[in-house]
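Enquirer: Structure: coords-v7.txt, compact mmCIF, N, CA and C atoms.
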```txt
# COMPACT_ATOMS: atom_id res chain seq x y z
N VAL W 1 77.48 48.20 24.54
CA VAL W 1 78.88 47.85 24.50
C VAL W 1 79.79 49.06 24.59
N GLY W 2 79.26 50.26 24.55
CA GLY W 2 80.17 51.39 24.60
C GLY W 2 79.52 52.74 24.52
N ALA W 3 80.34 53.72 24.18
CA ALA W 3 79.99 55.13 24.22
C ALA W 3 78.96 55.53 23.17
N ARG W 4 78.12 56.47 23.55
CA ARG W 4 77.15 57.05 22.61
C ARG W 4 77.84 58.05 21.70
N ALA W 5 78.74 58.83 22.27
CA ALA W 5 79.46 59.84 21.49
C ALA W 5 80.80 59.26 21.04
N ALA W 6 80.75 58.15 20.34
CA ALA W 6 81.96 57.45 19.93
C ALA W 6 82.61 58.12 18.74
N SER W 7 83.90 57.98 18.66
CA SER W 7 84.63 58.48 17.50
C SER W 7 84.35 57.58 16.30
N HIS W 8 84.70 58.07 15.14
CA HIS W 8 84.55 57.27 13.92
C HIS W 8 85.37 55.98 14.05
N ALA W 9 86.58 56.11 14.55
CA ALA W 9 87.44 54.93 14.74
C ALA W 9 86.81 53.95 15.72
N GLY W 10 86.23 54.45 16.78
CA GLY W 10 85.59 53.60 17.78
C GLY W 10 84.42 52.82 17.18
N ARG W 11 83.63 53.49 16.36
CA ARG W 11 82.51 52.82 15.69
C ARG W 11 83.01 51.75 14.72
N GLU W 12 84.08 52.05 14.01
CA GLU W 12 84.65 51.07 13.07
C GLU W 12 85.18 49.84 13.80
N ILE W 13 85.85 50.05 14.92
CA ILE W 13 86.38 48.93 15.71
C ILE W 13 85.24 48.08 16.26
N ALA W 14 84.20 48.74 16.77
CA ALA W 14 83.03 48.00 17.28
C ALA W 14 82.39 47.18 16.18
N ALA W 15 82.28 47.76 14.99
CA ALA W 15 81.70 47.05 13.86
C ALA W 15 82.54 45.84 13.49
N GLU W 16 83.86 46.00 13.48
CA GLU W 16 84.74 44.88 13.15
C GLU W 16 84.61 43.75 14.17
N PHE W 17 84.59 44.09 15.45
CA PHE W 17 84.39 43.08 16.49
C PHE W 17 83.06 42.35 16.29
N ALA W 18 82.00 43.12 16.07
CA ALA W 18 80.67 42.53 15.91
C ALA W 18 80.62 41.62 14.70
N GLU W 19 81.18 42.06 13.59
CA GLU W 19 81.20 41.23 12.38
C GLU W 19 81.90 39.90 12.62
N ARG W 20 83.06 39.97 13.26
CA ARG W 20 83.83 38.75 13.50
C ARG W 20 83.11 37.81 14.47
N LEU W 21 82.54 38.37 15.52
CA LEU W 21 81.82 37.54 16.49
C LEU W 21 80.60 36.89 15.85
N ALA W 22 79.85 37.69 15.10
CA ALA W 22 78.65 37.17 14.44
C ALA W 22 79.00 36.13 13.38
N SER W 23 80.11 36.33 12.72
CA SER W 23 80.53 35.40 11.65
C SER W 23 80.86 34.01 12.16
N VAL W 24 81.20 33.90 13.44
CA VAL W 24 81.48 32.57 14.01
C VAL W 24 80.30 32.05 14.81
N GLY W 25 79.14 32.72 14.67
CA GLY W 25 77.91 32.23 15.27
C GLY W 25 77.55 32.77 16.63
N LEU W 26 78.29 33.73 17.13
CA LEU W 26 77.93 34.32 18.43
C LEU W 26 76.84 35.37 18.25
N VAL W 27 76.03 35.53 19.27
CA VAL W 27 74.96 36.53 19.27
C VAL W 27 75.52 37.80 19.91
N VAL W 28 75.36 38.92 19.21
CA VAL W 28 75.84 40.20 19.72
C VAL W 28 74.69 40.87 20.46
N THR W 29 74.92 41.20 21.72
CA THR W 29 73.91 41.82 22.58
C THR W 29 74.42 43.18 23.02
N SER W 30 73.59 44.21 22.88
CA SER W 30 74.00 45.56 23.24
C SER W 30 72.76 46.40 23.49
N GLY W 31 72.98 47.60 23.96
CA GLY W 31 71.89 48.56 24.11
C GLY W 31 71.44 49.01 22.72
N LEU W 32 70.60 49.98 22.66
CA LEU W 32 70.11 50.48 21.37
C LEU W 32 70.47 51.95 21.19
N ALA W 33 71.46 52.41 21.96
CA ALA W 33 71.85 53.81 21.92
C ALA W 33 72.63 54.13 20.65
N ASP W 34 72.84 55.42 20.42
CA ASP W 34 73.69 55.86 19.32
C ASP W 34 75.12 55.41 19.56
N GLY W 35 75.94 55.52 18.57
CA GLY W 35 77.37 55.27 18.72
C GLY W 35 77.74 53.80 18.60
N ILE W 36 78.46 53.30 19.60
CA ILE W 36 78.99 51.94 19.58
C ILE W 36 77.87 50.92 19.49
N ASP W 37 76.79 51.10 20.25
CA ASP W 37 75.68 50.15 20.22
C ASP W 37 75.11 50.02 18.80
N THR W 38 74.81 51.13 18.17
CA THR W 38 74.26 51.12 16.82
C THR W 38 75.22 50.47 15.85
N ALA W 39 76.49 50.80 15.93
CA ALA W 39 77.50 50.21 15.04
C ALA W 39 77.55 48.70 15.19
N ALA W 40 77.49 48.21 16.42
CA ALA W 40 77.55 46.77 16.67
C ALA W 40 76.34 46.06 16.08
N HIS W 41 75.15 46.62 16.27
CA HIS W 41 73.93 46.00 15.72
C HIS W 41 73.95 46.02 14.19
N GLN W 42 74.29 47.15 13.60
CA GLN W 42 74.29 47.25 12.15
C GLN W 42 75.29 46.28 11.52
N ALA W 43 76.47 46.18 12.10
CA ALA W 43 77.50 45.28 11.56
C ALA W 43 77.06 43.82 11.69
N THR W 44 76.45 43.48 12.80
CA THR W 44 75.97 42.10 13.01
C THR W 44 74.91 41.75 11.97
N ILE W 45 73.95 42.63 11.78
CA ILE W 45 72.90 42.42 10.80
C ILE W 45 73.50 42.34 9.40
N GLY W 46 74.52 43.15 9.15
CA GLY W 46 75.17 43.19 7.84
C GLY W 46 75.79 41.87 7.41
N VAL W 47 76.21 41.05 8.38
CA VAL W 47 76.80 39.74 8.04
C VAL W 47 75.81 38.61 8.28
N GLY W 48 74.53 38.97 8.49
CA GLY W 48 73.50 37.95 8.69
C GLY W 48 73.50 37.33 10.07
N GLY W 49 74.12 38.01 11.02
CA GLY W 49 74.18 37.50 12.39
C GLY W 49 72.94 37.81 13.19
N ILE W 50 72.92 37.28 14.39
CA ILE W 50 71.81 37.51 15.31
C ILE W 50 72.24 38.57 16.32
N THR W 51 71.36 39.53 16.54
CA THR W 51 71.64 40.60 17.49
C THR W 51 70.45 40.78 18.43
N ILE W 52 70.75 41.10 19.66
CA ILE W 52 69.71 41.37 20.66
C ILE W 52 69.92 42.79 21.18
N ALA W 53 68.86 43.59 21.14
CA ALA W 53 68.92 44.95 21.66
C ALA W 53 68.31 44.98 23.06
N VAL W 54 69.06 45.48 24.01
CA VAL W 54 68.57 45.66 25.37
C VAL W 54 67.97 47.07 25.43
N CYS W 55 66.65 47.13 25.60
CA CYS W 55 65.95 48.41 25.57
C CYS W 55 65.73 48.92 26.99
N GLY W 56 66.39 50.00 27.32
CA GLY W 56 66.27 50.58 28.65
C GLY W 56 64.98 51.33 28.87
N THR W 57 64.22 51.57 27.81
CA THR W 57 63.00 52.36 27.92
C THR W 57 61.74 51.52 27.92
N GLY W 58 61.88 50.22 27.74
CA GLY W 58 60.70 49.37 27.56
C GLY W 58 60.44 49.20 26.09
N LEU W 59 59.63 48.23 25.73
CA LEU W 59 59.41 47.91 24.33
C LEU W 59 58.45 48.86 23.62
N ASP W 60 57.73 49.66 24.37
CA ASP W 60 56.77 50.58 23.75
C ASP W 60 57.39 51.91 23.32
N THR W 61 58.64 52.16 23.72
CA THR W 61 59.32 53.40 23.39
C THR W 61 60.73 53.09 22.92
N VAL W 62 61.05 53.42 21.69
CA VAL W 62 62.40 53.20 21.17
C VAL W 62 63.18 54.49 21.34
N TYR W 63 64.34 54.37 21.97
CA TYR W 63 65.21 55.55 22.13
C TYR W 63 66.62 55.18 21.73
N PRO W 64 67.21 55.95 20.87
CA PRO W 64 66.66 57.11 20.17
C PRO W 64 65.69 56.68 19.08
N PRO W 65 64.71 57.52 18.77
CA PRO W 65 63.68 57.16 17.79
C PRO W 65 64.25 56.76 16.42
N ARG W 66 65.40 57.32 16.05
CA ARG W 66 65.98 57.02 14.73
C ARG W 66 66.42 55.54 14.64
N ASN W 67 66.50 54.83 15.77
CA ASN W 67 66.88 53.42 15.75
C ASN W 67 65.66 52.48 15.74
N ALA W 68 64.48 53.02 15.49
CA ALA W 68 63.26 52.19 15.49
C ALA W 68 63.34 51.05 14.46
N ASP W 69 63.85 51.31 13.29
CA ASP W 69 63.96 50.27 12.27
C ASP W 69 65.06 49.27 12.61
N LEU W 70 66.08 49.71 13.30
CA LEU W 70 67.17 48.83 13.69
C LEU W 70 66.70 47.78 14.63
```
Can you present the structure in this file as structure tokens?
Expert:
Amino acid sequence: VGARAASHAGREIAAEFAERLASVGLVVTSGLADGIDTAAHQATIGVGGITIAVCGTGLDTVYPPRNADL
């Protein structure tokens, strides 16, 4: 959904959008990159929503590795 090198404000806005969308039952779909993507997934999970990560590397390699648990 957005930039990897996102500002703090950008990450907060992405999280707010994701929370609101997930709260009304929409599925949030994004890449698994740092920045906006990570913020959207974390916020969606935080409100018990459903999130789908689009993995550009294939399922056998998580990039960035720090998002493996996400």
Enquirer: Here is a test: counting only C-alpha atoms, which residue of W:Leu32, W:Ile52, W:Ala39, W:Ala68 is nearest to W:Glu16?
Expert: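 Once distances to W:Glu16 are computed over only C-alpha atoms, the minimum belongs to W:Ala39.
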Enquirer: Which neighbours of W:Ile50 fall inside 6 Å, counting all atoms listed in the file, when residues of the same chain fewer than 2 positions from it are skipped, and could you give them as a list of chain:residue names?
Expert: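 So, after excluding close chain neighbours, the residues are W:Ala22, W:Leu26, W:Val27, W:Val28, W:Thr44, W:Gly48, W:Ile52.
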Enquirer: Would you give me, as a list of chain:residue names, the residues in chain W that DSSP reads as strand (DSSP E)?
Expert: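 DSSP on the backbone gives strand (DSSP E) at W:Val28, W:Thr29, W:Ser30, W:Gly31, W:Thr51, W:Ile52, W:Ala53, W:Val54.
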Enquirer: Kindly extract all protein, DNA and RNA residues lying within 8 Å of the coordinates (66.5, 49.3, 20.2) given in the file, considering only N, CA and C atoms, and supply them as a ChimeraX atom specification.
Expert: /W:30-33,52-56,61-64,67-70
Enquirer: Got time to write the residues from that selection, N, CA and C atoms, as an mmCIF file, in the frame of the given file?
Expert:
```cif
data_model
loop_
_atom_site.group_PDB
_atom_site.id
_atom_site.type_symbol
_atom_site.label_atom_id
_atom_site.label_comp_id
_atom_site.auth_asym_id
_atom_site.auth_seq_id
_atom_site.Cartn_x
_atom_site.Cartn_y
_atom_site.Cartn_z
ATOM 1 N N SER W 30 73.590 44.210 22.880
ATOM 2 C CA SER W 30 74.000 45.560 23.240
ATOM 3 C C SER W 30 72.760 46.400 23.490
ATOM 4 N N GLY W 31 72.980 47.600 23.960
ATOM 5 C CA GLY W 31 71.890 48.560 24.110
ATOM 6 C C GLY W 31 71.440 49.010 22.720
ATOM 7 N N LEU W 32 70.600 49.980 22.660
ATOM 8 C CA LEU W 32 70.110 50.480 21.370
ATOM 9 C C LEU W 32 70.470 51.950 21.190
ATOM 10 N N ALA W 33 71.460 52.410 21.960
ATOM 11 C CA ALA W 33 71.850 53.810 21.920
ATOM 12 C C ALA W 33 72.630 54.130 20.650
ATOM 13 N N ILE W 52 70.750 41.100 19.660
ATOM 14 C CA ILE W 52 69.710 41.370 20.660
ATOM 15 C C ILE W 52 69.920 42.790 21.180
ATOM 16 N N ALA W 53 68.860 43.590 21.140
ATOM 17 C CA ALA W 53 68.920 44.950 21.660
ATOM 18 C C ALA W 53 68.310 44.980 23.060
ATOM 19 N N VAL W 54 69.060 45.480 24.010
ATOM 20 C CA VAL W 54 68.570 45.660 25.370
ATOM 21 C C VAL W 54 67.970 47.070 25.430
ATOM 22 N N CYS W 55 66.650 47.130 25.600
ATOM 23 C CA CYS W 55 65.950 48.410 25.570
ATOM 24 C C CYS W 55 65.730 48.920 26.990
ATOM 25 N N GLY W 56 66.390 50.000 27.320
ATOM 26 C CA GLY W 56 66.270 50.580 28.650
ATOM 27 C C GLY W 56 64.980 51.330 28.870
ATOM 28 N N THR W 61 58.640 52.160 23.720
ATOM 29 C CA THR W 61 59.320 53.400 23.390
ATOM 30 C C THR W 61 60.730 53.090 22.920
ATOM 31 N N VAL W 62 61.050 53.420 21.690
ATOM 32 C CA VAL W 62 62.400 53.200 21.170
ATOM 33 C C VAL W 62 63.180 54.490 21.340
ATOM 34 N N TYR W 63 64.340 54.370 21.970
ATOM 35 C CA TYR W 63 65.210 55.550 22.130
ATOM 36 C C TYR W 63 66.620 55.180 21.730
ATOM 37 N N PRO W 64 67.210 55.950 20.870
ATOM 38 C CA PRO W 64 66.660 57.110 20.170
ATOM 39 C C PRO W 64 65.690 56.680 19.080
ATOM 40 N N ASN W 67 66.500 54.830 15.770
ATOM 41 C CA ASN W 67 66.880 53.420 15.750
ATOM 42 C C ASN W 67 65.660 52.480 15.740
ATOM 43 N N ALA W 68 64.480 53.020 15.490
ATOM 44 C CA ALA W 68 63.260 52.190 15.490
ATOM 45 C C ALA W 68 63.340 51.050 14.460
ATOM 46 N N ASP W 69 63.850 51.310 13.290
ATOM 47 C CA ASP W 69 63.960 50.270 12.270
ATOM 48 C C ASP W 69 65.060 49.270 12.610
ATOM 49 N N LEU W 70 66.080 49.710 13.300
ATOM 50 C CA LEU W 70 67.170 48.830 13.690
ATOM 51 C C LEU W 70 66.700 47.780 14.630
#
```
Enquirer: So that I can check the surroundings of W:Ile36, please list as a list in words every protein, DNA and RNA residue that reaches within 8 Å of it, counting all atoms listed in the file and ignoring chain neighbours fewer than 5 positions away.
Expert: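 So, after excluding close chain neighbours, the residues are Val1, Gly2, Ala3, Arg4, Ala5, Ala6, Ser7, Gly10, Arg11, Glu12, Ala14, Ala15, Ser30, Gly31, His41 and Gln42 of chain W.
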Enquirer: With DSSP run on the backbone, what are the alpha helix (DSSP H) residues within chain W? I'd like them as a PyMOL selection string.
Expert: chain W and resi 8-23+36-46
Enquirer: For a quick check of understanding, using only C-alpha atoms, which of W:Asp37, W:Val47, W:Pro65, W:Leu59 has the smallest distance to W:Leu21?
Expert: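 Looking only at the distances to W:Leu21, the closest residue turns out to be W:Val47.
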Enquirer: To one decimal place, how far is atom CA of W:Asp60 from atom CA of W:Asp34 in Å?
Expert: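 Distance between the two atoms: 18.3 Å.
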Enquirer: Atom CA of W:Ala43 to atom CA of W:Val24: how many Å, to one decimal?
Expert: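 We find that atom CA of W:Ala43 and atom CA of W:Val24 lie 13.5 Å from each other.
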Enquirer: Work out how far atom N of W:Gly46 is from atom C of W:Phe17, in Å to one decimal.
Expert: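 Taking atom C of W:Phe17 and atom N of W:Gly46, their separation equals 11.2 Å.
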Enquirer: Enclose all atoms of stretch 23-35 of chain W listed in the file in an axis-aligned box, grow every side by 4 Å, and hand back centre and edge lengths in Å to one decimal, as AutoDock Vina command-line options.
Expert:
```
--center_x 75.8 --center_y 44.0 --center_z 17.9 --size_x 19.4 --size_y 31.8 --size_z 20.5
```
Enquirer: Can you work out which one of W:Thr57, W:Ile45, W:Ser23, W:Gly35 has the shortest atom-to-atom distance to W:Ala9, counting only C-alpha atoms?
Expert: W:Gly35
Enquirer: Taking N, CA, C and O atoms as the atom set, what does stretch 26-48 of chain W look like once completed, written as an mmCIF file, in the frame of the given file?
Expert:
```cif
data_model
loop_
_atom_site.group_PDB
_atom_site.id
_atom_site.type_symbol
_atom_site.label_atom_id
_atom_site.label_comp_id
_atom_site.auth_asym_id
_atom_site.auth_seq_id
_atom_site.Cartn_x
_atom_site.Cartn_y
_atom_site.Cartn_z
ATOM 1 N N LEU W 26 78.290 33.730 17.130
ATOM 2 C CA LEU W 26 77.930 34.320 18.430
ATOM 3 C C LEU W 26 76.840 35.370 18.250
ATOM 4 O O LEU W 26 76.739 36.017 17.213
ATOM 5 N N VAL W 27 76.030 35.530 19.270
ATOM 6 C CA VAL W 27 74.960 36.530 19.270
ATOM 7 C C VAL W 27 75.520 37.800 19.910
ATOM 8 O O VAL W 27 76.089 37.760 20.996
ATOM 9 N N VAL W 28 75.360 38.920 19.210
ATOM 10 C CA VAL W 28 75.840 40.200 19.720
ATOM 11 C C VAL W 28 74.690 40.870 20.460
ATOM 12 O O VAL W 28 73.610 41.079 19.910
ATOM 13 N N THR W 29 74.920 41.200 21.720
ATOM 14 C CA THR W 29 73.910 41.820 22.580
ATOM 15 C C THR W 29 74.420 43.180 23.020
ATOM 16 O O THR W 29 75.547 43.294 23.497
ATOM 17 N N SER W 30 73.590 44.210 22.880
ATOM 18 C CA SER W 30 74.000 45.560 23.240
ATOM 19 C C SER W 30 72.760 46.400 23.490
ATOM 20 O O SER W 30 71.644 45.971 23.225
ATOM 21 N N GLY W 31 72.980 47.600 23.960
ATOM 22 C CA GLY W 31 71.890 48.560 24.110
ATOM 23 C C GLY W 31 71.440 49.010 22.720
ATOM 24 O O GLY W 31 71.892 48.488 21.703
ATOM 25 N N LEU W 32 70.600 49.980 22.660
ATOM 26 C CA LEU W 32 70.110 50.480 21.370
ATOM 27 C C LEU W 32 70.470 51.950 21.190
ATOM 28 O O LEU W 32 69.903 52.654 20.379
ATOM 29 N N ALA W 33 71.460 52.410 21.960
ATOM 30 C CA ALA W 33 71.850 53.810 21.920
ATOM 31 C C ALA W 33 72.630 54.130 20.650
ATOM 32 O O ALA W 33 73.056 53.240 19.908
ATOM 33 N N ASP W 34 72.840 55.420 20.420
ATOM 34 C CA ASP W 34 73.690 55.860 19.320
ATOM 35 C C ASP W 34 75.120 55.410 19.560
ATOM 36 O O ASP W 34 75.480 54.980 20.655
ATOM 37 N N GLY W 35 75.940 55.520 18.570
ATOM 38 C CA GLY W 35 77.370 55.270 18.720
ATOM 39 C C GLY W 35 77.740 53.800 18.600
ATOM 40 O O GLY W 35 77.380 53.129 17.639
ATOM 41 N N ILE W 36 78.460 53.300 19.600
ATOM 42 C CA ILE W 36 78.990 51.940 19.580
ATOM 43 C C ILE W 36 77.870 50.920 19.490
ATOM 44 O O ILE W 36 77.972 49.938 18.735
ATOM 45 N N ASP W 37 76.790 51.100 20.250
ATOM 46 C CA ASP W 37 75.680 50.150 20.220
ATOM 47 C C ASP W 37 75.110 50.020 18.800
ATOM 48 O O ASP W 37 74.949 48.914 18.289
ATOM 49 N N THR W 38 74.810 51.130 18.170
ATOM 50 C CA THR W 38 74.260 51.120 16.820
ATOM 51 C C THR W 38 75.220 50.470 15.850
ATOM 52 O O THR W 38 74.814 49.639 15.018
ATOM 53 N N ALA W 39 76.490 50.800 15.930
ATOM 54 C CA ALA W 39 77.500 50.210 15.040
ATOM 55 C C ALA W 39 77.550 48.700 15.190
ATOM 56 O O ALA W 39 77.648 47.966 14.199
ATOM 57 N N ALA W 40 77.490 48.210 16.420
ATOM 58 C CA ALA W 40 77.550 46.770 16.670
ATOM 59 C C ALA W 40 76.340 46.060 16.080
ATOM 60 O O ALA W 40 76.469 45.018 15.431
ATOM 61 N N HIS W 41 75.150 46.620 16.270
ATOM 62 C CA HIS W 41 73.930 46.000 15.720
ATOM 63 C C HIS W 41 73.950 46.020 14.190
ATOM 64 O O HIS W 41 73.666 45.003 13.547
ATOM 65 N N GLN W 42 74.290 47.150 13.600
ATOM 66 C CA GLN W 42 74.290 47.250 12.150
ATOM 67 C C GLN W 42 75.290 46.280 11.520
ATOM 68 O O GLN W 42 74.990 45.638 10.507
ATOM 69 N N ALA W 43 76.470 46.180 12.100
ATOM 70 C CA ALA W 43 77.500 45.280 11.560
ATOM 71 C C ALA W 43 77.060 43.820 11.690
ATOM 72 O O ALA W 43 77.265 43.019 10.774
ATOM 73 N N THR W 44 76.450 43.480 12.800
ATOM 74 C CA THR W 44 75.970 42.100 13.010
ATOM 75 C C THR W 44 74.910 41.750 11.970
ATOM 76 O O THR W 44 74.963 40.689 11.345
ATOM 77 N N ILE W 45 73.950 42.630 11.780
ATOM 78 C CA ILE W 45 72.900 42.420 10.800
ATOM 79 C C ILE W 45 73.500 42.340 9.400
ATOM 80 O O ILE W 45 73.085 41.527 8.569
ATOM 81 N N GLY W 46 74.520 43.150 9.150
ATOM 82 C CA GLY W 46 75.170 43.190 7.840
ATOM 83 C C GLY W 46 75.790 41.870 7.410
ATOM 84 O O GLY W 46 75.916 41.598 6.220
ATOM 85 N N VAL W 47 76.210 41.050 8.380
ATOM 86 C CA VAL W 47 76.800 39.740 8.040
ATOM 87 C C VAL W 47 75.810 38.610 8.280
ATOM 88 O O VAL W 47 76.190 37.445 8.293
ATOM 89 N N GLY W 48 74.530 38.970 8.490
ATOM 90 C CA GLY W 48 73.500 37.950 8.690
ATOM 91 C C GLY W 48 73.500 37.330 10.070
ATOM 92 O O GLY W 48 72.942 36.255 10.268
#
```
